>>> print(open('protein-v2.txt').read())   # compact mmCIF, C-alpha atoms
# COMPACT_ATOMS: atom_id res chain seq x y z
CA MET A 1 -74.44 63.65 61.92
CA GLU A 2 -73.83 60.28 63.53
CA ASN A 3 -76.87 58.82 61.79
CA ARG A 4 -75.63 60.22 58.46
CA ASN A 5 -72.20 58.69 58.98
CA LEU A 6 -73.74 55.36 59.93
CA VAL A 7 -75.90 55.29 56.81
CA ASN A 8 -72.95 56.28 54.62
CA VAL A 9 -70.72 53.59 56.10
CA THR A 10 -73.48 50.98 55.80
CA LEU A 11 -74.22 51.83 52.16
CA ALA A 12 -70.52 51.87 51.29
CA ALA A 13 -70.03 48.47 52.96
CA ILE A 14 -72.97 46.98 51.06
CA VAL A 15 -71.74 48.30 47.71
CA ILE A 16 -68.14 47.21 48.34
CA ALA A 17 -69.25 43.75 49.45
CA ALA A 18 -71.46 43.37 46.38
CA LEU A 19 -68.63 44.56 44.17
CA ILE A 20 -66.20 42.03 45.62
CA VAL A 21 -68.65 39.13 45.39
CA SER A 22 -69.61 40.04 41.83
CA GLY A 23 -65.97 40.06 40.79
CA ILE A 24 -65.13 36.58 42.09
CA ALA A 25 -66.57 34.68 39.15
CA PRO A 26 -68.57 36.94 36.82
CA PHE A 27 -70.15 35.46 33.71
CA ASP A 28 -67.79 37.46 31.51
CA ARG A 29 -64.79 39.25 33.01
CA ALA A 30 -64.49 41.95 30.32
CA THR A 31 -68.17 42.75 30.62
CA TRP A 32 -67.89 42.93 34.40
CA VAL A 33 -65.06 45.46 34.16
CA MET A 34 -66.96 47.67 31.73
CA GLU A 35 -70.25 47.50 33.64
CA VAL A 36 -68.82 48.23 37.11
CA ALA A 37 -66.37 50.89 35.88
CA PRO A 38 -68.71 53.75 36.95
CA VAL A 39 -68.82 52.27 40.47
CA LEU A 40 -65.03 51.95 40.57
CA ILE A 41 -64.80 55.65 39.69
CA ALA A 42 -67.66 57.07 41.78
CA LEU A 43 -67.09 55.17 45.03
CA PRO A 44 -63.49 56.33 45.68
CA LEU A 45 -64.47 59.85 44.65
CA MET A 46 -67.38 59.93 47.10
CA ILE A 47 -65.22 58.57 49.90
CA ALA A 48 -62.48 61.11 49.20
CA THR A 49 -64.90 64.07 49.19
CA ARG A 50 -67.19 62.92 52.01
CA GLN A 51 -65.96 65.75 54.27
CA SER A 52 -65.30 68.53 51.78
CA TYR A 53 -68.41 67.92 49.65
CA PRO A 54 -70.92 65.71 51.47
CA LEU A 55 -73.99 64.71 49.47
CA THR A 56 -77.59 64.77 50.58
CA MET A 57 -78.80 61.50 52.02
CA LEU A 58 -81.35 61.18 49.22
CA LEU A 59 -78.67 61.36 46.55
CA THR A 60 -76.35 59.03 48.46
CA VAL A 61 -79.05 56.35 48.64
CA LEU A 62 -79.91 56.75 44.96
CA ILE A 63 -76.26 56.39 43.94
CA ALA A 64 -75.94 53.25 46.08
CA ILE A 65 -79.02 51.72 44.44
CA HIS A 66 -77.68 52.55 40.98
CA ALA A 67 -74.32 51.03 41.91
CA LEU A 68 -75.96 47.77 42.97
CA VAL A 69 -77.90 47.59 39.69
CA LEU A 70 -74.69 48.10 37.74
CA ILE A 71 -72.90 45.47 39.82
CA GLY A 72 -75.71 42.97 39.21
CA GLY A 73 -75.50 43.59 35.48
CA GLY A 74 -71.75 43.14 35.59
CA ALA A 75 -71.90 39.88 37.49
CA TYR A 76 -74.48 38.14 35.32
CA THR A 77 -74.53 40.36 32.19
CA TYR A 78 -77.79 42.26 31.77
CA ALA A 79 -79.47 39.60 29.66
CA ARG A 80 -78.99 36.97 32.40
CA VAL A 81 -79.78 38.72 35.69
CA PRO A 82 -82.24 36.53 37.66
CA LEU A 83 -84.33 39.53 38.74
CA GLY A 84 -84.80 40.33 35.07
CA PHE A 85 -86.09 36.83 34.32
CA TRP A 86 -88.56 37.19 37.19
CA LEU A 87 -89.74 40.51 35.75
CA GLN A 88 -89.93 38.94 32.30
CA ASP A 89 -92.29 36.27 33.60
CA LEU A 90 -94.28 38.80 35.63
CA LEU A 91 -94.68 41.32 32.81
CA GLY A 92 -94.81 38.85 29.94
CA THR A 93 -92.02 40.58 28.00
CA VAL A 94 -90.15 38.87 25.18
CA ARG A 95 -86.74 39.72 26.66
CA ASN A 96 -85.05 40.13 30.01
CA PRO A 97 -85.86 43.78 30.92
CA TYR A 98 -83.17 44.22 33.57
CA ASP A 99 -81.09 46.47 31.31
CA LYS A 100 -84.05 48.83 31.01
CA ILE A 101 -83.97 49.25 34.79
CA GLY A 102 -80.33 50.20 34.41
CA HIS A 103 -81.09 52.78 31.74
CA LEU A 104 -84.02 54.15 33.71
CA LEU A 105 -81.62 54.77 36.59
CA GLN A 106 -79.05 56.09 34.14
CA GLY A 107 -81.43 58.97 33.63
CA PHE A 108 -82.85 59.15 37.14
CA VAL A 109 -79.65 59.26 39.20
CA PRO A 110 -77.39 61.45 37.00
CA ALA A 111 -80.23 63.99 36.79
CA MET A 112 -80.29 64.16 40.58
CA VAL A 113 -76.50 64.39 40.74
CA ALA A 114 -76.61 67.27 38.26
CA ARG A 115 -79.38 68.96 40.25
CA GLU A 116 -77.38 68.83 43.46
CA ILE A 117 -74.25 70.23 41.84
CA LEU A 118 -76.09 72.95 39.92
CA ILE A 119 -78.12 74.18 42.89
CA ARG A 120 -75.25 74.09 45.37
CA GLY A 121 -73.00 75.93 42.93
CA GLY A 122 -75.67 78.43 41.94
CA TYR A 123 -75.06 77.72 38.28
CA VAL A 124 -78.71 77.81 37.15
CA VAL A 125 -81.51 80.12 38.23
CA GLY A 126 -85.12 78.97 38.42
CA ARG A 127 -86.73 75.67 39.28
CA ARG A 128 -87.99 74.92 35.78
CA MET A 129 -84.71 75.80 34.09
CA THR A 130 -82.84 73.68 36.63
CA GLY A 131 -85.06 70.71 35.87
CA PHE A 132 -84.65 71.20 32.12
CA VAL A 133 -80.86 71.42 32.33
CA CYS A 134 -80.69 68.34 34.57
CA ILE A 135 -82.72 66.32 32.08
CA CYS A 136 -80.46 67.53 29.27
CA ILE A 137 -77.35 66.51 31.21
CA ALA A 138 -78.80 63.07 31.93
CA MET A 139 -79.67 62.61 28.25
CA ALA A 140 -76.16 63.69 27.24
CA ILE A 141 -74.73 61.04 29.57
CA SER A 142 -77.11 58.44 28.13
CA ALA A 143 -76.14 59.35 24.56
CA SER A 144 -72.45 59.24 25.48
CA TYR A 145 -72.90 55.76 26.95
CA GLU A 146 -74.56 54.57 23.75
CA LEU A 147 -71.55 55.89 21.82
CA ILE A 148 -69.28 53.92 24.16
CA GLU A 149 -71.34 50.81 23.42
CA TRP A 150 -71.00 51.52 19.69
CA ALA A 151 -67.22 51.88 20.05
CA ALA A 152 -67.09 48.61 22.01
CA ALA A 153 -69.07 46.87 19.29
CA LEU A 154 -66.64 48.11 16.63
CA ALA A 155 -63.58 47.17 18.68
CA MET A 156 -64.73 43.80 20.03
CA GLY A 157 -67.11 42.55 17.34
CA GLN A 158 -69.19 39.64 18.62
CA GLY A 159 -67.28 39.78 21.88
CA ALA A 160 -69.21 42.92 22.79
CA ASP A 161 -72.61 41.18 22.73
CA GLU A 162 -72.69 40.62 26.49
CA PHE A 163 -71.80 44.25 27.18
CA LEU A 164 -74.33 45.61 24.71
CA GLY A 165 -77.16 43.42 25.97
CA THR A 166 -79.33 44.15 22.94
CA GLN A 167 -80.88 40.66 22.96
CA GLY A 168 -81.64 40.98 19.26
CA ASP A 169 -83.53 44.27 19.58
CA GLN A 170 -82.66 46.57 16.67
CA TRP A 171 -84.18 49.53 18.55
CA ASP A 172 -82.26 48.88 21.76
CA THR A 173 -80.29 52.13 21.58
CA GLN A 174 -83.40 54.24 21.11
CA SER A 175 -85.34 52.48 23.86
CA ASP A 176 -82.37 52.79 26.22
CA MET A 177 -82.30 56.56 25.75
CA PHE A 178 -86.08 56.74 26.08
CA MET A 179 -85.83 54.98 29.44
CA ALA A 180 -83.20 57.52 30.50
CA LEU A 181 -85.57 60.32 29.48
CA ILE A 182 -88.37 58.77 31.54
CA GLY A 183 -86.03 58.33 34.49
CA SER A 184 -84.66 61.88 34.46
CA SER A 185 -88.08 63.44 33.96
CA THR A 186 -89.58 61.33 36.75
CA ALA A 187 -86.78 62.29 39.11
CA MET A 188 -87.37 65.99 38.50
CA ALA A 189 -91.13 65.66 38.86
CA LEU A 190 -91.21 63.51 42.01
CA LEU A 191 -88.09 64.31 44.01
CA SER A 192 -87.37 68.01 43.51
CA GLY A 193 -89.27 69.14 46.60
CA TRP A 194 -87.75 66.46 48.83
CA HIS A 195 -84.33 67.21 47.41
CA ASP A 196 -84.74 70.95 48.03
CA ARG A 197 -85.52 70.34 51.71
CA GLN A 198 -82.46 68.14 52.14
CA LEU A 199 -80.27 70.67 50.31
CA LYS A 200 -81.53 73.45 52.57
CA ARG A 201 -80.58 71.47 55.69
CA LEU A 202 -77.20 70.50 54.23
CA ILE A 203 -76.28 74.01 53.14
CA SER A 204 -77.40 75.58 56.43
CA LYS A 205 -74.98 73.43 58.45
>>> encode(input="protein-v2.txt", output="structure tokens")
Amino acid sequence: MENRNLVNVTLAAIVIAALIVSGIAPFDRATWVMEVAPVLIALPLMIATRQSYPLTMLLTVLIAIHALVLIGGGAYTYARVPLGFWLQDLLGTVRNPYDKIGHLLQGFVPAMVAREILIRGGYVVGRRMTGFVCICIAMAISASYELIEWAAALAMGQGADEFLGTQGDQWDTQSDMFMALIGSSTAMALLSGWHDRQLKRLISK
């Protein structure tokens, strides 16, 4: 339990520090607010429910990683994140691919969140059906986010370019959702067994 608390405190401190630093002088303040909004919602919620509804360590780490990716995108905007430029040079892509990492995690992490909630609540029976429902939930979240981007584009016009991060790609929406599908499917395929073992230990306490 002490190790769990130490890891939780450490991860929270890292995310909070990154959030503060990213908010000092982001490239675009409105974009920063929109990109880090999920972190501003999830972090207080996780802290408030850490005793009544503690998460598995696997899920906690995944959420922290996702938060840091979102914070990086908020600080620089997704088209300007230095890590993305490094990947662009490494992979020889025509655009900064950092936003695709974000959308991959947008499928990967919500699918794991859904899996933990569904299994602990006993809402779905069967491993395959659980995996299918988790992928569907992750894709629904991805589609909802694309609708939010569409609404932002309508409301802000050219001012939404930094938030959208399309970089001139007319198929950006479709590729974003495809990355979410890859992420959610990969999470179910690779982490289900590990997640089950952690859930068993958590529930038995």
>>> closest_residue(input="protein-v2.txt", among="A:Met179, A:Leu68, A:Ile20, A:Ile14", to="Ala138 of chain A", atoms="all atoms listed in the file")
A:Met179
>>> residues_around(input="protein-v2.txt", residues="Asp176 of chain A", least_positions_apart="2", cutoff="8 Å", atoms="all atoms listed in the file", output="list of chain:residue names")
A:Lys100, A:His103, A:Leu104, A:Ser142, A:Asp172, A:Thr173, A:Gln174, A:Phe178, A:Met179, A:Ala180
>>> residues_around(input="protein-v2.txt", residues="Ile63 of chain A", least_positions_apart="5", cutoff="12 Å", atoms="all atoms listed in the file", output="VMD selection string")
chain A and resid 8 11 to 12 15 38 to 39 42 to 43 46 55 to 58 68 to 70 105 to 113
>>> closest_residue(input="protein-v2.txt", among="A:Ile47, A:Ala79, A:Val124, A:Ile71", to="Val33 of chain A", atoms="all atoms listed in the file")
A:Ile71
>>> closest_residue(input="protein-v2.txt", among="A:Met139, A:Ala13, A:Met34, A:Ile119", to="Lys200 of chain A", atoms="only C-alpha atoms")
A:Ile119
>>> residues_around(input="protein-v2.txt", residues="Ser192 of chain A", least_positions_apart="6", cutoff="9 Å", atoms="only C-alpha atoms", output="ChimeraX atom specification")
/A:112,115,127,131
>>> atom_distance(input="protein-v2.txt", atom1="atom CA of Pro82 of chain A", atom2="atom CA of Asn96 of chain A")
8.9 Å
>>> closest_residue(input="protein-v2.txt", among="A:Ala143, A:Pro26, A:Asp196, A:Leu90", to="Tyr78 of chain A", atoms="only C-alpha atoms")
A:Pro26
>>> atom_distance(input="protein-v2.txt", atom1="atom CA of Tyr53 of chain A", atom2="atom CA of Asn5 of chain A")
13.7 Å
>>> atom_distance(input="protein-v2.txt", atom1="atom CA of Leu181 of chain A", atom2="atom CA of Leu91 of chain A")
21.3 Å
>>> closest_residue(input="protein-v2.txt", among="A:Phe27, A:Tyr98, A:Trp194, A:Trp171", to="Ala75 of chain A", atoms="all atoms listed in the file")
A:Phe27
>>> closest_residue(input="protein-v2.txt", among="A:Ala30, A:Asp89, A:Asp99, A:Glu116", to="Arg197 of chain A", atoms="all atoms listed in the file")
A:Glu116
